[in-house]
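> Just final-v2.txt, nothing more (compact mmCIF, C-alpha atoms):
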# COMPACT_ATOMS: atom_id res chain seq x y z
CA MET A 210 44.38 79.64 187.96
CA GLU A 211 45.57 83.17 188.60
CA GLN A 212 43.10 85.72 187.29
CA PHE A 213 43.37 89.18 185.79
CA GLU A 214 42.17 92.59 186.99
CA LEU A 215 40.14 94.97 184.84
CA ARG A 216 41.56 98.47 185.41
CA LYS A 217 39.22 100.73 183.47
CA ILE A 218 36.69 100.84 180.70
CA GLY A 219 39.14 101.61 177.95
CA HIS A 220 36.97 102.50 174.97
CA VAL A 221 33.48 102.28 173.55
CA VAL A 222 32.70 101.61 169.88
CA LEU A 223 29.33 102.79 168.58
CA ASN A 224 27.50 101.84 165.40
CA VAL A 225 26.19 105.08 163.82
CA SER A 226 23.93 105.80 160.84
CA ASP A 227 25.66 108.99 159.65
CA LEU A 228 29.40 108.77 160.25
CA ASP A 229 30.15 112.35 159.18
CA ALA A 230 27.42 113.82 161.42
CA SER A 231 28.58 111.73 164.36
CA VAL A 232 32.23 112.74 163.85
CA ARG A 233 31.15 116.42 163.76
CA PHE A 234 29.17 115.94 166.99
CA TYR A 235 31.98 114.21 168.89
CA THR A 236 34.66 116.64 167.65
CA GLU A 237 32.86 119.99 167.39
CA VAL A 238 30.39 119.61 170.28
CA LEU A 239 32.31 117.38 172.69
CA GLY A 240 35.87 118.33 171.69
CA LEU A 241 37.31 114.89 170.94
CA GLN A 242 40.16 114.63 168.43
CA VAL A 243 40.38 112.23 165.48
CA SER A 244 43.28 109.76 165.76
CA ASP A 245 42.64 107.51 162.75
CA ARG A 246 40.12 106.60 160.07
CA TYR A 247 39.33 103.37 158.27
CA PRO A 248 37.80 103.76 154.80
CA ALA A 249 34.68 101.81 153.84
CA SER A 250 36.97 99.47 151.89
CA MET A 251 38.54 98.39 155.21
CA VAL A 252 35.40 98.42 157.42
CA PRO A 253 31.95 98.58 155.79
CA GLY A 254 30.53 102.05 156.49
CA GLY A 255 33.95 103.41 157.50
CA MET A 256 35.29 103.83 161.03
CA VAL A 257 36.72 106.81 162.92
CA PHE A 258 38.81 106.61 166.12
CA LEU A 259 38.49 109.55 168.56
CA ARG A 260 40.44 110.49 171.68
CA CYS A 261 40.05 112.81 174.66
CA ASN A 262 43.38 111.97 176.31
CA THR A 263 46.60 110.21 175.29
CA ASP A 264 44.89 106.85 174.64
CA HIS A 265 44.77 106.23 170.88
CA HIS A 266 40.97 106.09 171.16
CA GLY A 267 38.32 106.35 173.86
CA VAL A 268 35.41 106.34 171.40
CA ALA A 269 35.25 104.83 167.93
CA LEU A 270 32.41 105.20 165.46
CA VAL A 271 31.44 102.62 162.82
CA GLY A 272 29.28 104.01 160.02
CA GLY A 273 26.49 102.41 158.05
CA ALA A 274 24.17 101.36 160.89
CA PRO A 275 20.44 101.62 160.20
CA ARG A 276 18.89 104.73 161.77
CA SER A 277 16.98 103.93 164.97
CA GLU A 278 15.61 105.78 167.97
CA ARG A 279 18.21 104.08 170.13
CA GLY A 280 21.93 103.84 169.52
CA SER A 281 23.75 100.65 168.81
CA LEU A 282 26.80 99.41 170.68
CA ASN A 283 29.55 97.80 168.62
CA HIS A 284 31.71 96.88 171.65
CA PHE A 285 33.28 98.17 174.81
CA ALA A 286 36.71 97.32 176.10
CA PHE A 287 38.41 96.79 179.44
CA GLU A 288 42.09 97.56 179.96
CA VAL A 289 44.30 95.26 182.03
CA GLY A 290 47.72 96.12 183.44
CA SER A 291 49.97 93.64 181.63
CA LEU A 292 50.31 91.40 178.62
CA ALA A 293 50.33 88.40 180.95
CA GLU A 294 46.85 89.40 182.14
CA VAL A 295 45.53 89.24 178.56
CA PHE A 296 46.86 85.67 178.33
CA ARG A 297 45.33 84.85 181.75
CA ALA A 298 42.02 86.39 180.63
CA ARG A 299 42.04 84.16 177.54
CA ALA A 300 42.70 81.08 179.69
CA TRP A 301 40.01 82.12 182.19
CA LEU A 302 37.42 82.70 179.46
CA ARG A 303 38.21 79.35 177.85
CA ALA A 304 38.01 77.59 181.23
CA HIS A 305 34.54 79.11 181.69
CA GLY A 306 33.32 78.03 178.26
CA VAL A 307 33.24 81.56 176.78
CA PRO A 308 33.90 81.43 173.03
CA ILE A 309 36.56 83.91 171.91
CA HIS A 310 35.80 85.35 168.47
CA PHE A 311 39.09 87.27 168.10
CA GLU A 312 42.50 87.28 169.74
CA GLY A 313 45.69 89.04 168.79
CA ARG A 314 46.14 92.57 167.47
CA ARG A 315 43.84 94.48 165.14
CA ARG A 316 45.22 97.55 163.36
CA ALA A 317 44.75 101.16 164.59
CA GLY A 318 45.69 101.48 168.27
CA CYS A 319 47.79 98.30 168.08
CA GLN A 320 46.52 96.88 171.39
CA ILE A 321 46.79 93.16 172.08
CA ALA A 322 43.40 91.74 172.97
CA VAL A 323 40.84 88.99 173.29
CA GLU A 324 37.29 89.63 172.12
CA PHE A 325 34.17 87.72 173.15
CA ARG A 326 30.44 88.16 173.85
CA ASP A 327 28.47 88.43 177.06
CA PRO A 328 25.33 86.28 177.55
CA ASP A 329 23.21 88.89 175.71
CA GLY A 330 25.55 88.94 172.73
CA ASN A 331 27.26 92.28 173.50
CA ASN A 332 30.81 92.38 172.17
CA LEU A 333 33.49 92.84 174.84
CA GLU A 334 37.27 93.23 174.63
CA ILE A 335 40.04 92.80 177.21
CA TYR A 336 43.25 94.49 176.08
CA TRP A 337 46.70 95.76 176.97
CA GLY A 338 49.15 98.05 175.22
CA LEU A 339 46.93 100.61 173.46
CA ASP A 340 49.06 103.19 171.63
CA GLN A 341 49.40 106.53 173.41
CA VAL A 342 49.20 109.76 171.39
CA GLY A 343 50.71 112.98 172.72
CA THR A 344 48.55 116.09 172.94
CA ASN A 345 50.03 117.60 169.77
CA SER A 346 51.26 114.38 168.18
CA ALA A 347 49.96 112.25 165.35
CA ALA A 348 48.87 108.64 165.81
CA ARG A 349 51.02 105.78 164.51
CA PRO A 350 50.91 105.75 160.69
CA ALA A 351 48.86 102.99 159.05
CA SER A 352 52.03 101.68 157.44
CA GLU A 353 53.13 100.50 160.92
CA TRP A 354 49.92 98.64 161.82
CA ARG A 355 50.47 94.88 161.95
CA GLN A 356 47.43 92.67 162.43
CA ALA A 357 47.96 89.40 164.31
CA LEU A 358 45.38 86.63 164.64
CA THR A 359 46.66 85.01 167.85
CA LEU A 360 48.13 86.38 171.06
CA GLU A 361 51.30 84.42 170.37
CA ASP A 362 51.65 85.95 166.90
CA ALA A 363 51.10 89.46 168.31
CA VAL A 364 53.99 88.88 170.73
CA ALA A 365 56.24 87.28 168.09
CA LYS A 366 55.69 90.17 165.65
CA PRO A 367 55.45 93.42 167.63
CA VAL A 368 54.75 96.76 166.02
CA SER A 369 57.47 99.40 165.89
CA GLY A 370 58.31 100.69 169.37
CA GLN A 371 56.18 98.12 171.18
CA ARG A 372 58.31 96.41 173.81
CA LEU A 373 56.76 93.05 174.68
CA PRO A 374 57.77 90.51 177.29
CA PRO A 375 58.00 86.86 176.18
CA VAL A 376 54.81 84.82 175.91
CA PRO A 377 53.70 84.09 179.49
CA ASP A 378 53.57 80.47 180.62
CA ILE A 379 49.89 80.18 181.50
CA ALA A 380 48.83 76.77 182.69
Spell out the structure here as structure tokens.


Amino acid sequence: MEQFELRKIGHVVLNVSDLDASVRFYTEVLGLQVSDRYPASMVPGGMVFLRCNTDHHGVALVGGAPRSERGSLNHFAFEVGSLAEVFRARAWLRAHGVPIHFEGRRRAGCQIAVEFRDPDGNNLEIYWGLDQVGTNSAARPASEWRQALTLEDAVAKPVSGQRLPPVPDIA
């Protein structure tokens, strides 16, 4: 079975106790820019997506975590170079008995991904196609987000402007 190649750590998602304080820290102290927000009605505690380059997000913050002396990781993600590699990653994970707890496309960022856990229970994501946001541009409006619950559905129903190749034939 042909594999896939992880190209970079694409983003980190942190669970935080005070979402507003954390957003102020990452924007005012570190200089990141807000791309999108989910209200608490969409994600308990709310969620804010931050960027430091053209990637839709490099850091995301999920509010409502209990305060602790140590932070809490929600997940981190690896980017691959093609949609076919996401399909190959799914096949590879399945062949190695790794349960996949999400596949398809979430909402903000519109990347196509598989999500799973490492042996210690840390959430990991392998993705392709994260939205790019120009330096002075706005992120894709929420009205254009289109969640998909399988890789095949994500390909069959692309978001506006997302050019996708056909579903790869992965044996």

> Just want the 6 Å neighbourhood of segment 362-365 of chain A, counted on only C-alpha atoms, with same-chain residues fewer than 2 positions away dropped. Output as number ranges by chain.

A: 313-314, 357, 359-360, 367

> Of the residues A:Pro377, A:Val238, A:Phe285, A:Ser352, which is the one nearest to Arg299 of chain A, using only C-alpha atoms?

A:Pro377

> Could you state the separation of atom CA of Leu282 of chain A and atom CA of Glu214 of chain A in Å, given to one decimal place?

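Atom CA of Leu282 of chain A sits 23.4 Å away from atom CA of Glu214 of chain A.
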
> For segment 325-336 of chain A, work out the shell of residues within 8 Å, counting only C-alpha atoms and skipping chain neighbours fewer than 5 positions away, then give it as a list in words.

Leu215, Leu282, Asn283, His284, Phe285, Ala286, Phe287, Glu288, Val289, Val295, Ala298, Val307, Pro308, Ile309, His310, Phe311 and Gln320 of chain A

> At a cut-off of 8 Å, using only C-alpha atoms, what residues contact segment 243-253 of chain A? Leave out same-chain residues fewer than 6 positions from it and give the result as a list in words.

Thr236, Leu259, Arg260, His265, His266, Val271, Gly272, Gly273, Ala317, Ala347 and Ala348 of chain A

> Measuring between only C-alpha atoms, which one of A:Leu223, A:Leu373, A:Ala300, A:Val323 shows the shortest distance to Gly267 of chain A?

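Closest to Gly267 of chain A of all the choices is A:Leu223.
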